[in-house]
Structures are given as C-alpha cells and as structure tokens.
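Q: Okay, so here is run_1.csv, and as you'll see once you scroll down, it has CSV, C-alpha atoms (C1' of nucleotides).
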chain,number,residue,atom,x,y,z
A,1,MET,CA,5.3,-0.7,-8.6
A,2,ARG,CA,7.8,-3.5,-8.3
A,3,THR,CA,6.9,-7.0,-9.2
A,4,ILE,CA,6.6,-9.5,-6.4
A,5,ALA,CA,7.1,-13.3,-6.7
A,6,LEU,CA,4.7,-14.4,-4.1
A,7,ILE,CA,4.2,-18.2,-4.1
A,8,THR,CA,7.7,-19.2,-4.9
A,9,GLN,CA,10.4,-18.9,-2.3
A,10,GLY,CA,8.3,-20.3,0.5
A,11,CYS,CA,6.5,-17.0,1.2
A,12,CYS,CA,5.1,-16.2,3.8
A,13,PRO,CA,5.6,-17.2,7.4
A,14,PRO,CA,3.0,-16.0,9.9
A,15,LEU,CA,3.8,-12.5,11.0
A,16,MET,CA,2.6,-12.9,14.5
A,17,LYS,CA,4.4,-16.0,15.6
A,18,THR,CA,8.0,-14.9,15.3
A,19,PRO,CA,9.7,-11.7,14.1
A,20,ILE,CA,10.1,-11.7,10.3
A,21,ASP,CA,13.4,-10.4,8.8
A,22,GLU,CA,13.7,-7.5,6.5
A,23,ALA,CA,13.6,-9.6,3.2
A,24,GLU,CA,10.4,-11.3,4.2
A,25,ALA,CA,8.9,-8.0,5.3
A,26,GLU,CA,9.7,-6.5,2.0
A,27,ARG,CA,8.1,-9.4,0.1
A,28,LEU,CA,5.0,-9.6,2.2
A,29,ALA,CA,4.6,-5.8,2.1
A,30,GLY,CA,4.7,-6.0,-1.7
A,31,ALA,CA,1.7,-8.2,-1.6
A,32,PHE,CA,-0.2,-6.0,0.7
A,33,LYS,CA,0.8,-2.9,-1.3
A,34,LEU,CA,-1.0,-4.5,-4.2
A,35,LEU,CA,-4.1,-4.9,-2.1
A,36,GLY,CA,-3.8,-1.4,-0.9
A,37,ASP,CA,-5.4,0.2,-3.9
A,38,PRO,CA,-9.2,0.5,-4.2
A,39,GLY,CA,-9.2,-0.1,-7.9
A,40,ARG,CA,-7.3,-3.3,-7.6
A,41,LEU,CA,-9.5,-4.5,-4.8
A,42,ARG,CA,-12.6,-3.9,-6.9
A,43,LEU,CA,-11.0,-5.7,-9.8
A,44,LEU,CA,-10.4,-8.8,-7.6
A,45,SER,CA,-13.9,-8.5,-6.3
A,46,LEU,CA,-15.5,-8.1,-9.7
A,47,ILE,CA,-13.6,-11.0,-11.2
A,48,ALA,CA,-14.3,-13.3,-8.3
A,49,ALA,CA,-18.0,-12.5,-8.2
A,50,HIS,CA,-18.3,-12.7,-12.0
A,51,PRO,CA,-20.2,-15.7,-13.4
A,52,GLY,CA,-17.7,-18.5,-13.9
A,53,GLY,CA,-15.2,-16.7,-11.6
A,54,GLU,CA,-13.6,-15.1,-14.6
A,55,ALA,CA,-13.9,-11.9,-16.6
A,56,CYS,CA,-12.2,-10.3,-19.6
A,57,VAL,CA,-10.8,-6.8,-19.5
A,58,CYS,CA,-13.7,-5.3,-21.5
A,59,GLU,CA,-16.1,-6.4,-18.8
A,60,LEU,CA,-14.1,-4.7,-16.1
A,61,THR,CA,-13.3,-1.2,-17.5
A,62,GLU,CA,-16.8,0.3,-17.4
A,63,PRO,CA,-17.9,-0.9,-13.9
A,64,LEU,CA,-14.6,0.3,-12.5
A,65,GLY,CA,-14.7,3.8,-14.0
A,66,LEU,CA,-11.1,3.7,-14.9
A,67,SER,CA,-9.4,4.0,-18.3
A,68,GLN,CA,-8.6,0.8,-20.2
A,69,PRO,CA,-4.8,1.3,-19.9
A,70,THR,CA,-5.1,1.8,-16.1
A,71,VAL,CA,-7.2,-1.4,-15.8
A,72,SER,CA,-4.7,-3.3,-17.9
A,73,HIS,CA,-1.9,-2.0,-15.8
A,74,HIS,CA,-3.5,-3.1,-12.5
A,75,LEU,CA,-4.3,-6.5,-14.0
A,76,LYS,CA,-0.7,-7.0,-15.0
A,77,LEU,CA,0.5,-6.2,-11.5
A,78,LEU,CA,-2.0,-8.6,-9.9
A,79,HIS,CA,-1.1,-11.3,-12.5
A,80,GLN,CA,2.7,-10.9,-11.9
A,81,ALA,CA,2.1,-11.3,-8.1
A,82,GLY,CA,0.2,-14.6,-8.8
A,83,LEU,CA,-3.1,-13.3,-7.5
A,84,LEU,CA,-4.7,-13.5,-11.0
A,85,GLU,CA,-4.5,-16.2,-13.6
A,86,ARG,CA,-4.4,-15.1,-17.2
A,87,GLU,CA,-5.8,-16.9,-20.2
A,88,LYS,CA,-5.9,-15.5,-23.7
A,89,ARG,CA,-8.8,-16.7,-26.0
A,90,SER,CA,-8.6,-15.3,-29.5
A,91,THR,CA,-9.0,-11.5,-29.0
A,92,TRP,CA,-10.0,-11.6,-25.4
A,93,VAL,CA,-8.0,-12.1,-22.2
A,94,TYR,CA,-9.7,-13.7,-19.3
A,95,TYR,CA,-8.5,-13.3,-15.7
A,96,LYS,CA,-9.5,-15.4,-12.7
A,97,VAL,CA,-8.5,-15.2,-9.0
A,98,ASP,CA,-5.9,-17.8,-7.8
A,99,PRO,CA,-7.3,-19.0,-4.5
A,100,ALA,CA,-4.0,-20.5,-3.4
A,101,THR,CA,-2.0,-17.3,-3.6
A,102,LEU,CA,-4.8,-15.4,-1.9
A,103,LYS,CA,-4.7,-18.0,0.9
A,104,THR,CA,-0.9,-17.5,1.2
A,105,VAL,CA,-1.4,-13.8,1.9
A,106,ARG,CA,-4.3,-14.4,4.3
A,107,ASP,CA,-2.4,-17.0,6.3
A,108,ALA,CA,0.5,-14.6,6.9
A,109,LEU,CA,-1.9,-12.7,9.1
A,110,ALA,CA,-2.9,-15.7,11.2
A,111,ILE,CA,-2.7,-15.2,14.9
B,1,MET,CA,-1.5,8.6,5.0
B,2,ARG,CA,-5.2,9.0,5.8
B,3,THR,CA,-6.7,7.6,9.0
B,4,ILE,CA,-8.9,4.6,8.6
B,5,ALA,CA,-11.6,3.6,11.1
B,6,LEU,CA,-11.5,-0.1,10.6
B,7,ILE,CA,-13.7,-2.0,13.2
B,8,THR,CA,-16.5,0.5,13.3
B,9,GLN,CA,-19.0,0.8,10.4
B,10,GLY,CA,-19.3,-3.0,9.9
B,11,CYS,CA,-16.1,-3.3,7.9
B,12,CYS,CA,-15.3,-5.5,6.0
B,13,PRO,CA,-17.4,-7.8,3.9
B,14,PRO,CA,-15.6,-10.6,2.1
B,15,LEU,CA,-14.1,-9.4,-1.1
B,16,MET,CA,-14.6,-12.5,-3.0
B,17,LYS,CA,-18.3,-13.2,-2.4
B,18,THR,CA,-19.9,-10.2,-4.0
B,19,PRO,CA,-18.6,-7.1,-5.7
B,20,ILE,CA,-17.7,-4.4,-3.1
B,21,ASP,CA,-18.7,-0.8,-3.7
B,22,GLU,CA,-16.2,2.1,-4.0
B,23,ALA,CA,-16.6,3.2,-0.4
B,24,GLU,CA,-15.9,-0.3,1.0
B,25,ALA,CA,-12.9,-0.7,-1.4
B,26,GLU,CA,-11.5,2.6,-0.2
B,27,ARG,CA,-11.8,1.6,3.4
B,28,LEU,CA,-10.4,-1.9,3.0
B,29,ALA,CA,-7.6,-0.6,0.7
B,30,GLY,CA,-6.7,1.8,3.6
B,31,ALA,CA,-6.1,-1.2,5.8
B,32,PHE,CA,-4.0,-3.0,3.3
B,33,LYS,CA,-2.0,0.1,2.6
B,34,LEU,CA,-1.0,0.1,6.2
B,35,LEU,CA,0.2,-3.5,5.9
B,36,GLY,CA,2.0,-2.5,2.7
B,37,ASP,CA,5.1,-1.1,4.4
B,38,PRO,CA,7.9,-3.4,5.5
B,39,GLY,CA,8.7,-1.2,8.5
B,40,ARG,CA,5.1,-1.4,9.8
B,41,LEU,CA,4.9,-5.2,9.1
B,42,ARG,CA,8.1,-5.7,11.1
B,43,LEU,CA,6.7,-3.5,13.9
B,44,LEU,CA,3.6,-5.7,14.1
B,45,SER,CA,5.7,-8.8,14.1
B,46,LEU,CA,8.2,-7.5,16.7
B,47,ILE,CA,5.4,-6.5,19.0
B,48,ALA,CA,3.4,-9.7,18.6
B,49,ALA,CA,6.5,-11.9,19.2
B,50,HIS,CA,7.7,-9.8,22.1
B,51,PRO,CA,7.4,-11.3,25.6
B,52,GLY,CA,4.0,-10.5,27.0
B,53,GLY,CA,2.8,-9.6,23.5
B,54,GLU,CA,3.6,-6.0,24.0
B,55,ALA,CA,6.5,-3.6,23.6
B,56,CYS,CA,7.4,0.0,24.2
B,57,VAL,CA,8.7,2.4,21.5
B,58,CYS,CA,12.2,2.3,22.9
B,59,GLU,CA,12.4,-1.5,22.4
B,60,LEU,CA,11.4,-1.2,18.7
B,61,THR,CA,13.5,1.6,17.3
B,62,GLU,CA,16.8,-0.1,17.4
B,63,PRO,CA,15.8,-3.6,15.9
B,64,LEU,CA,13.9,-1.8,13.2
B,65,GLY,CA,16.8,0.5,12.1
B,66,LEU,CA,14.5,3.5,11.7
B,67,SER,CA,14.6,6.8,13.5
B,68,GLN,CA,12.4,7.3,16.5
B,69,PRO,CA,10.1,9.8,14.8
B,70,THR,CA,9.5,7.4,12.0
B,71,VAL,CA,8.7,4.6,14.4
B,72,SER,CA,6.4,6.8,16.3
B,73,HIS,CA,4.7,7.8,13.1
B,74,HIS,CA,4.1,4.2,12.0
B,75,LEU,CA,2.8,3.2,15.4
B,76,LYS,CA,0.4,6.1,15.4
B,77,LEU,CA,-1.0,5.0,12.0
B,78,LEU,CA,-1.4,1.4,13.2
B,79,HIS,CA,-3.0,2.5,16.4
B,80,GLN,CA,-5.5,4.8,14.6
B,81,ALA,CA,-6.5,1.9,12.4
B,82,GLY,CA,-7.2,-0.2,15.4
B,83,LEU,CA,-4.4,-2.7,14.7
B,84,LEU,CA,-2.5,-1.7,17.8
B,85,GLU,CA,-3.7,-1.0,21.3
B,86,ARG,CA,-1.9,1.8,23.2
B,87,GLU,CA,-1.3,2.0,26.9
B,88,LYS,CA,0.8,4.7,28.6
B,89,ARG,CA,2.6,3.7,31.8
B,90,SER,CA,4.5,6.7,33.3
B,91,THR,CA,7.1,7.6,30.8
B,92,TRP,CA,6.7,4.6,28.5
B,93,VAL,CA,4.0,3.8,26.0
B,94,TYR,CA,3.3,0.1,25.3
B,95,TYR,CA,1.7,-1.2,22.2
B,96,LYS,CA,0.1,-4.5,21.6
B,97,VAL,CA,-1.6,-6.1,18.6
B,98,ASP,CA,-5.4,-6.2,18.6
B,99,PRO,CA,-6.3,-9.7,17.3
B,100,ALA,CA,-9.9,-8.8,16.5
B,101,THR,CA,-9.0,-6.1,14.1
B,102,LEU,CA,-6.4,-8.3,12.5
B,103,LYS,CA,-9.0,-11.0,12.0
B,104,THR,CA,-11.3,-8.5,10.4
B,105,VAL,CA,-8.8,-7.7,7.8
B,106,ARG,CA,-7.9,-11.3,7.3
B,107,ASP,CA,-11.5,-12.4,6.9
B,108,ALA,CA,-12.0,-9.9,4.1
B,109,LEU,CA,-9.8,-12.1,2.0
B,110,ALA,CA,-11.8,-15.3,2.7
B,111,ILE,CA,-12.7,-17.3,-0.4
C,1,DT,C1',12.8,23.5,39.8
C,2,DC,C1',16.3,21.7,37.0
C,3,DT,C1',17.7,17.8,34.2
C,4,DG,C1',17.4,13.9,31.5
C,5,DA,C1',14.7,10.3,29.2
C,6,DA,C1',10.7,8.7,26.4
C,7,DC,C1',7.6,9.8,23.1
C,8,DA,C1',5.0,12.9,19.8
C,9,DT,C1',4.7,16.6,16.4
C,10,DC,C1',6.4,19.7,12.7
C,11,DG,C1',8.4,20.9,8.3
C,12,DA,C1',10.8,19.6,4.4
C,13,DT,C1',12.5,16.5,0.9
C,14,DC,C1',12.4,13.0,-2.4
C,15,DG,C1',11.2,8.8,-4.6
C,16,DC,C1',7.3,6.2,-5.9
C,17,DT,C1',2.9,5.1,-8.1
C,18,DG,C1',-1.8,5.8,-10.0
C,19,DT,C1',-3.6,7.9,-13.8
C,20,DC,C1',-4.5,9.0,-18.7
C,21,DA,C1',-3.6,10.1,-23.8
C,22,DA,C1',-1.3,8.4,-27.4
C,23,DT,C1',0.5,4.6,-29.7
C,24,DA,C1',1.6,-0.2,-30.5
C,25,DT,C1',0.3,-5.1,-31.1
C,26,DA,C1',-2.6,-8.9,-32.2
C,27,DG,C1',-6.7,-11.2,-33.9
C,28,DG,C1',-10.9,-11.4,-36.5
C,29,DT,C1',-13.7,-10.2,-40.6
C,30,DC,C1',-14.7,-8.5,-45.1
D,1,DG,C1',-4.7,-6.0,-47.7
D,2,DA,C1',-7.9,-2.8,-45.2
D,3,DC,C1',-10.4,-2.1,-41.2
D,4,DC,C1',-12.2,-2.8,-36.6
D,5,DT,C1',-11.9,-4.5,-31.9
D,6,DA,C1',-9.5,-6.0,-27.7
D,7,DT,C1',-5.5,-5.5,-25.0
D,8,DA,C1',-0.8,-4.0,-23.9
D,9,DT,C1',3.0,-0.6,-23.7
D,10,DT,C1',4.9,4.0,-23.5
D,11,DG,C1',5.7,8.6,-21.7
D,12,DA,C1',4.5,12.1,-18.8
D,13,DC,C1',2.5,14.3,-14.9
D,14,DA,C1',0.6,15.1,-10.2
D,15,DG,C1',-0.1,13.7,-5.7
D,16,DC,C1',1.1,11.0,-1.9
D,17,DG,C1',3.8,9.0,1.7
D,18,DA,C1',8.2,7.3,4.0
D,19,DT,C1',11.9,9.4,6.1
D,20,DC,C1',14.7,12.4,9.1
D,21,DG,C1',16.3,16.5,11.9
D,22,DA,C1',14.7,19.8,14.9
D,23,DT,C1',11.6,20.8,18.3
D,24,DG,C1',7.8,20.2,21.6
D,25,DT,C1',5.7,17.7,25.5
D,26,DT,C1',5.3,14.8,29.5
D,27,DC,C1',7.1,12.5,33.4
D,28,DA,C1',10.4,10.9,37.0
D,29,DG,C1',14.0,11.8,40.1
D,30,DA,C1',17.5,14.6,42.4
Translate the structure of the given file into structure tokens.

A:
Amino acid sequence: MRTIALITQGCCPPLMKTPIDEAEAERLAGAFKLLGDPGRLRLLSLIAAHPGGEACVCELTEPLGLSQPTVSHHLKLLHQAGLLEREKRSTWVYYKVDPATLKTVRDALAI
Amino acid sequence: MRTIALITQGCCPPLMKTPIDEAEAERLAGAFKLLGDPGRLRLLSLIAAHPGGEACVCELTEPLGLSQPTVSHHLKLLHQAGLLEREKRSTWVYYKVDPATLKTVRDALAI
DNA sequence: TCTGAACATCGATCGCTGTCAATATAGGTC
DNA sequence: GACCTATATTGACAGCGATCGATGTTCAGA
C-alpha cells in the first residue's frame, strides 16, 4: 500500500462542499484505505483505549490475533500516514494516536 | 466488494473510546473501504456539490472519466451501504448523499 | 411495435494488498 | 562475546476489487 502524506500539503478540504479534484481524491482515498482494514482499525482502537493512550507492539500482537510481522507492517503504514506517533524506548517501540491527523480525516466528511 | 449494512445494527461505536471487537471492526472497515477509492470519493463530492444535491448517472460519467458500467458499479456499492439515496424518475436514476449515514461514519472517528 | 437512450449486470483481466515464514537488526543481560 | 527479546524487513503467495466491453433491461416517443 502506498504511503500517504496526510497532514502536509493542506489536506483535506471538505468533500461535500465543492467537487474535489483527482489529486485530492487520491490523497484522501489513501487515508480511508488505511482505515478500511479491520486489523488496522482494531490497532487504532486498542492503542487509543490503552492506559496512557499508548501501547508497544508486544501488547498488540496477541489481542489482534495476527502475526508480529503483520502487526508491524500495519503500524508502519499508520505511522507513515501520520495517524500514529512512534517513540522508541530502549527495546520497545510505543505508538500513540495523533488526534490532529484523525481530526483532519474526520473533517473531510463534514456536511 | 462485500455489501455493508451501515445504519442498521447500531453501527458504529466510537473507535477511540473503547476497543472495538472484530465484528464491529469488520463492519466499520467496510464503510471506510468504500471511501477508500478516489472514484467513489469524487462521485460523492460531485453529487453533494451538484445543484439540488442530486445527480443522475449521465451527469457523472463524463466528469469522472470512468466508463458507465464502472460508475454504475460504484453507485450501487455506495447505495447499498446507505451513503447514497436512489430515486428513479422515468428513464433517469437520481442519487443524493444521505447525511445521516455520512455522520454515522464520521462519528466513529470521534476522539 | 420499433428505435434509441439511460442504466444495470455479466464475465474476464490484472494489479494491488494482507498475510506469514524466514531473516535481519538492535538493545539488554550475563 | 554469547544469548535472548523486541521490532523491522524481505520474499512469496493468494484473494480481492477496480476496470471495461459486451449484453441485458427498462422506458419514452414516433
């Protein structure tokens, strides 16, 4: 799946106000494509609901029921899109949801 | 692409409040998968921004640059998910965005 | 009833992506 | 250094879905 730069470039104007052009549609669709996978949605949900609003990979693999490489792959995509912040602490890597990016996506659907 | 019943079944609890289960993730991901295609996003945008908030298929094919069967296919998916209302008037079929369903999807991303 | 227009369905193709096993990398501990 | 743990990368495969041409269906008008 292609990487999407979400926050930069003044993404994303409200869909419903005025017709978006093809480039904007491509970028916004990239964001929704990320949200269009049950595993990634559950990852976001697990991380957001985790104590402290953050979780490391080892805390996510088992409840998700997916292999470690797959989880790592999904986390990378979500991070590249700006939906997850990433912080390495010694051996562990902690992820937390970036509310601003999430809001950007949500606002694109405003009536 | 599988059909998603969006409004019915009390869909969709906010992702970020509490961990969603696999069934909810599957359903919600289905909705975002629909939004994860540039053509469908532009369809929604074109229809919403069209005078009267509605448009028939013949007004959408050309600005989208996709074949009529493809446009018809996308419209069917969006309609099945409840994102578009469909009304047949003699030879023409008019589609309009359903704001309630859109809000349902948007609210799932609430912080 | 014939014709043309608008829309839907079918069948086939082809690129994309979610998945995992295997392997690599990096950090901690002894 | 040797070993273990946590995470990332790689390579390969299988299934899905976006697309289009061809065809079907429905409706209005002559």

Q: Excluding Ser67 in chain B and residues on its chain fewer than 5 positions from it, collect all residues at most 10 Å away from it, counting all atoms listed in the file, and give them as a list in words.

A: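 Selected residues are Thr61, Glu62, Ser72 and His73 of chain B; DT19, DC20 and DG21 of chain D.
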
Q: Export, as a PDB file, keeping the file's coordinate frame, the selected residues with C-alpha atoms (C1' of nucleotides).

A:
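Output contents, as saved in part38.pdb:
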ATOM      1  CA  THR B  61      13.500   1.600  17.300  1.00  0.00           C
ATOM      2  CA  GLU B  62      16.800  -0.100  17.400  1.00  0.00           C
ATOM      3  CA  SER B  72       6.400   6.800  16.300  1.00  0.00           C
ATOM      4  CA  HIS B  73       4.700   7.800  13.100  1.00  0.00           C
TER       5      HIS B  73
ATOM      6  C1'  DT D  19      11.900   9.400   6.100  1.00  0.00           C
ATOM      7  C1'  DC D  20      14.700  12.400   9.100  1.00  0.00           C
ATOM      8  C1'  DG D  21      16.300  16.500  11.900  1.00  0.00           C
TER       9       DG D  21
END

Q: Pick out the residues sitting within 12 Å of Pro19 in chain B, and hand them over as number ranges by chain; count all atoms listed in the file, and ignore anything fewer than 2 positions along from it in its own chain.

A: A: 39, 41-51, 53, 60, 63-64; B: 13-17, 21-25

Q: Least-squares fit on all C-alpha atoms, paired in order: put chain A onto chain B and return it as a PDB file with C-alpha atoms, keeping the file's coordinate frame.

A:
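In the end it all went to part.pdb:
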ATOM      1  CA  MET A   1      -1.477   8.631   5.054  1.00  0.00           C
ATOM      2  CA  ARG A   2      -5.141   8.983   5.849  1.00  0.00           C
ATOM      3  CA  THR A   3      -6.591   7.543   8.963  1.00  0.00           C
ATOM      4  CA  ILE A   4      -8.887   4.579   8.610  1.00  0.00           C
ATOM      5  CA  ALA A   5     -11.673   3.574  11.063  1.00  0.00           C
ATOM      6  CA  LEU A   6     -11.541  -0.101  10.603  1.00  0.00           C
ATOM      7  CA  ILE A   7     -13.732  -1.960  13.139  1.00  0.00           C
ATOM      8  CA  THR A   8     -16.552   0.472  13.295  1.00  0.00           C
ATOM      9  CA  GLN A   9     -18.972   0.757  10.430  1.00  0.00           C
ATOM     10  CA  GLY A  10     -19.305  -2.963   9.926  1.00  0.00           C
ATOM     11  CA  CYS A  11     -16.084  -3.277   7.889  1.00  0.00           C
ATOM     12  CA  CYS A  12     -15.369  -5.522   5.938  1.00  0.00           C
ATOM     13  CA  PRO A  13     -17.451  -7.853   3.829  1.00  0.00           C
ATOM     14  CA  PRO A  14     -15.620 -10.674   2.058  1.00  0.00           C
ATOM     15  CA  LEU A  15     -14.161  -9.426  -1.170  1.00  0.00           C
ATOM     16  CA  MET A  16     -14.651 -12.585  -3.074  1.00  0.00           C
ATOM     17  CA  LYS A  17     -18.275 -13.323  -2.457  1.00  0.00           C
ATOM     18  CA  THR A  18     -19.912 -10.295  -4.009  1.00  0.00           C
ATOM     19  CA  PRO A  19     -18.583  -7.123  -5.664  1.00  0.00           C
ATOM     20  CA  ILE A  20     -17.723  -4.468  -3.054  1.00  0.00           C
ATOM     21  CA  ASP A  21     -18.664  -0.805  -3.780  1.00  0.00           C
ATOM     22  CA  GLU A  22     -16.251   2.005  -4.038  1.00  0.00           C
ATOM     23  CA  ALA A  23     -16.598   3.169  -0.318  1.00  0.00           C
ATOM     24  CA  GLU A  24     -15.843  -0.274   0.988  1.00  0.00           C
ATOM     25  CA  ALA A  25     -12.947  -0.639  -1.426  1.00  0.00           C
ATOM     26  CA  GLU A  26     -11.510   2.570  -0.236  1.00  0.00           C
ATOM     27  CA  ARG A  27     -11.783   1.534   3.429  1.00  0.00           C
ATOM     28  CA  LEU A  28     -10.425  -1.931   2.973  1.00  0.00           C
ATOM     29  CA  ALA A  29      -7.588  -0.609   0.778  1.00  0.00           C
ATOM     30  CA  GLY A  30      -6.657   1.766   3.604  1.00  0.00           C
ATOM     31  CA  ALA A  31      -6.104  -1.179   5.811  1.00  0.00           C
ATOM     32  CA  PHE A  32      -4.025  -3.006   3.346  1.00  0.00           C
ATOM     33  CA  LYS A  33      -2.045   0.162   2.537  1.00  0.00           C
ATOM     34  CA  LEU A  34      -1.018   0.143   6.164  1.00  0.00           C
ATOM     35  CA  LEU A  35       0.208  -3.403   5.833  1.00  0.00           C
ATOM     36  CA  GLY A  36       1.978  -2.551   2.684  1.00  0.00           C
ATOM     37  CA  ASP A  37       5.032  -1.089   4.313  1.00  0.00           C
ATOM     38  CA  PRO A  38       7.918  -3.311   5.477  1.00  0.00           C
ATOM     39  CA  GLY A  39       8.621  -1.227   8.512  1.00  0.00           C
ATOM     40  CA  ARG A  40       5.100  -1.435   9.737  1.00  0.00           C
ATOM     41  CA  LEU A  41       4.969  -5.142   9.137  1.00  0.00           C
ATOM     42  CA  ARG A  42       8.113  -5.647  11.197  1.00  0.00           C
ATOM     43  CA  LEU A  43       6.684  -3.482  13.932  1.00  0.00           C
ATOM     44  CA  LEU A  44       3.552  -5.710  14.118  1.00  0.00           C
ATOM     45  CA  SER A  45       5.756  -8.738  14.043  1.00  0.00           C
ATOM     46  CA  LEU A  46       8.129  -7.506  16.713  1.00  0.00           C
ATOM     47  CA  ILE A  47       5.345  -6.463  19.044  1.00  0.00           C
ATOM     48  CA  ALA A  48       3.426  -9.675  18.614  1.00  0.00           C
ATOM     49  CA  ALA A  49       6.457 -11.882  19.146  1.00  0.00           C
ATOM     50  CA  HIS A  50       7.662  -9.774  22.092  1.00  0.00           C
ATOM     51  CA  PRO A  51       7.377 -11.365  25.550  1.00  0.00           C
ATOM     52  CA  GLY A  52       3.952 -10.510  26.919  1.00  0.00           C
ATOM     53  CA  GLY A  53       2.758  -9.567  23.389  1.00  0.00           C
ATOM     54  CA  GLU A  54       3.626  -5.973  24.061  1.00  0.00           C
ATOM     55  CA  ALA A  55       6.560  -3.631  23.578  1.00  0.00           C
ATOM     56  CA  CYS A  56       7.359   0.030  24.221  1.00  0.00           C
ATOM     57  CA  VAL A  57       8.706   2.305  21.532  1.00  0.00           C
ATOM     58  CA  CYS A  58      12.283   2.233  22.895  1.00  0.00           C
ATOM     59  CA  GLU A  59      12.385  -1.504  22.363  1.00  0.00           C
ATOM     60  CA  LEU A  60      11.347  -1.186  18.758  1.00  0.00           C
ATOM     61  CA  THR A  61      13.551   1.633  17.327  1.00  0.00           C
ATOM     62  CA  GLU A  62      16.912  -0.159  17.360  1.00  0.00           C
ATOM     63  CA  PRO A  63      15.820  -3.573  15.928  1.00  0.00           C
ATOM     64  CA  LEU A  64      13.948  -1.772  13.181  1.00  0.00           C
ATOM     65  CA  GLY A  65      16.797   0.510  12.091  1.00  0.00           C
ATOM     66  CA  LEU A  66      14.539   3.433  11.724  1.00  0.00           C
ATOM     67  CA  SER A  67      14.591   6.823  13.470  1.00  0.00           C
ATOM     68  CA  GLN A  68      12.477   7.264  16.605  1.00  0.00           C
ATOM     69  CA  PRO A  69      10.125   9.807  14.939  1.00  0.00           C
ATOM     70  CA  THR A  70       9.530   7.421  11.984  1.00  0.00           C
ATOM     71  CA  VAL A  71       8.743   4.548  14.406  1.00  0.00           C
ATOM     72  CA  SER A  72       6.394   6.769  16.360  1.00  0.00           C
ATOM     73  CA  HIS A  73       4.722   7.837  13.197  1.00  0.00           C
ATOM     74  CA  HIS A  74       4.098   4.256  11.996  1.00  0.00           C
ATOM     75  CA  LEU A  75       2.825   3.299  15.448  1.00  0.00           C
ATOM     76  CA  LYS A  76       0.330   6.125  15.403  1.00  0.00           C
ATOM     77  CA  LEU A  77      -1.000   5.046  12.027  1.00  0.00           C
ATOM     78  CA  LEU A  78      -1.368   1.411  13.133  1.00  0.00           C
ATOM     79  CA  HIS A  79      -3.008   2.560  16.427  1.00  0.00           C
ATOM     80  CA  GLN A  80      -5.516   4.875  14.608  1.00  0.00           C
ATOM     81  CA  ALA A  81      -6.506   1.927  12.308  1.00  0.00           C
ATOM     82  CA  GLY A  82      -7.199  -0.225  15.452  1.00  0.00           C
ATOM     83  CA  LEU A  83      -4.465  -2.718  14.689  1.00  0.00           C
ATOM     84  CA  LEU A  84      -2.462  -1.664  17.807  1.00  0.00           C
ATOM     85  CA  GLU A  85      -3.623  -0.982  21.311  1.00  0.00           C
ATOM     86  CA  ARG A  86      -1.885   1.789  23.177  1.00  0.00           C
ATOM     87  CA  GLU A  87      -1.234   2.019  26.882  1.00  0.00           C
ATOM     88  CA  LYS A  88       0.811   4.714  28.547  1.00  0.00           C
ATOM     89  CA  ARG A  89       2.678   3.745  31.821  1.00  0.00           C
ATOM     90  CA  SER A  90       4.518   6.640  33.396  1.00  0.00           C
ATOM     91  CA  THR A  91       7.175   7.586  30.771  1.00  0.00           C
ATOM     92  CA  TRP A  92       6.718   4.618  28.546  1.00  0.00           C
ATOM     93  CA  VAL A  93       4.065   3.738  25.963  1.00  0.00           C
ATOM     94  CA  TYR A  94       3.295   0.141  25.392  1.00  0.00           C
ATOM     95  CA  TYR A  95       1.669  -1.162  22.195  1.00  0.00           C
ATOM     96  CA  LYS A  96       0.058  -4.557  21.658  1.00  0.00           C
ATOM     97  CA  VAL A  97      -1.595  -6.135  18.575  1.00  0.00           C
ATOM     98  CA  ASP A  98      -5.462  -6.202  18.567  1.00  0.00           C
ATOM     99  CA  PRO A  99      -6.289  -9.690  17.369  1.00  0.00           C
ATOM    100  CA  ALA A 100      -9.872  -8.786  16.533  1.00  0.00           C
ATOM    101  CA  THR A 101      -9.046  -6.043  14.069  1.00  0.00           C
ATOM    102  CA  LEU A 102      -6.373  -8.213  12.492  1.00  0.00           C
ATOM    103  CA  LYS A 103      -9.009 -10.950  12.083  1.00  0.00           C
ATOM    104  CA  THR A 104     -11.361  -8.407  10.417  1.00  0.00           C
ATOM    105  CA  VAL A 105      -8.762  -7.693   7.740  1.00  0.00           C
ATOM    106  CA  ARG A 106      -7.896 -11.374   7.260  1.00  0.00           C
ATOM    107  CA  ASP A 107     -11.523 -12.410   6.887  1.00  0.00           C
ATOM    108  CA  ALA A 108     -12.084  -9.891   4.082  1.00  0.00           C
ATOM    109  CA  LEU A 109      -9.833 -12.109   2.026  1.00  0.00           C
ATOM    110  CA  ALA A 110     -11.776 -15.300   2.700  1.00  0.00           C
ATOM    111  CA  ILE A 111     -12.682 -17.291  -0.332  1.00  0.00           C
TER     112      ILE A 111
END

Q: Find the spatial neighbours of Trp92 in chain A, counting only C-alpha atoms (C1' of nucleotides), within a cut-off of 9 Å - ignore same-chain residues fewer than 6 positions away - and output them as a VMD selection string.

A: (chain A and resid 56 to 58) or (chain D and resid 6 to 7)

Q: Please, which residues of chain B lie no more than 9 Å from chain D when the count uses all atoms listed in the file, and can they be set out as a compact mmCIF listing (two decimals) with C-alpha atoms, in the frame of the given file?

A:
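Saved file iface-v9.txt follows:
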# COMPACT_ATOMS: atom_id res chain seq x y z
CA MET B 1 -1.50 8.60 5.00
CA ASP B 37 5.10 -1.10 4.40
CA LEU B 66 14.50 3.50 11.70
CA SER B 67 14.60 6.80 13.50
CA PRO B 69 10.10 9.80 14.80
CA THR B 70 9.50 7.40 12.00
CA SER B 90 4.50 6.70 33.30
CA THR B 91 7.10 7.60 30.80

Q: As a PyMOL selection string, could you give me every residue of chain C near chain A (at most 12 Å apart, counting all atoms listed in the file)?

A: chain C and resi 15-23+25-28

Q: So what do you get for C1' of DA8 in chain C versus CA of Thr101 in chain B, distance-wise?

A: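 Separation between C1' of DA8 in chain C and CA of Thr101 in chain B: 24.3 Å.
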
Q: I'd like the interatomic distance between CA of Leu34 in chain B and CA of Thr18 in chain B, to a tenth of an Å.

A: 23.8 Å

Q: How big is the axis-aligned box, and where does its centre sit, when it encloses all atoms of range 10-25 of chain D listed in the file and has 5 Å added on every side, reported in Å to one decimal as lines of an AutoDock Vina configuration file?

A:
center_x = 8.1
center_y = 12.4
center_z = 1.0
size_x = 26.4
size_y = 26.8
size_z = 59.0

Q: Have a look at CA of Gly36 in chain A and CA of Val105 in chain A and let me know their distance in Å, one decimal.

A: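 Separating CA of Gly36 in chain A from CA of Val105 in chain A is a distance of 12.9 Å.
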
Q: Smallest atom-to-atom distance to chain A: which of B:Lys33, B:Lys103, B:Lys96, B:Arg86, using only C-alpha atoms?

A: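 Distance minimum relative to chain A lands on B:Lys33.
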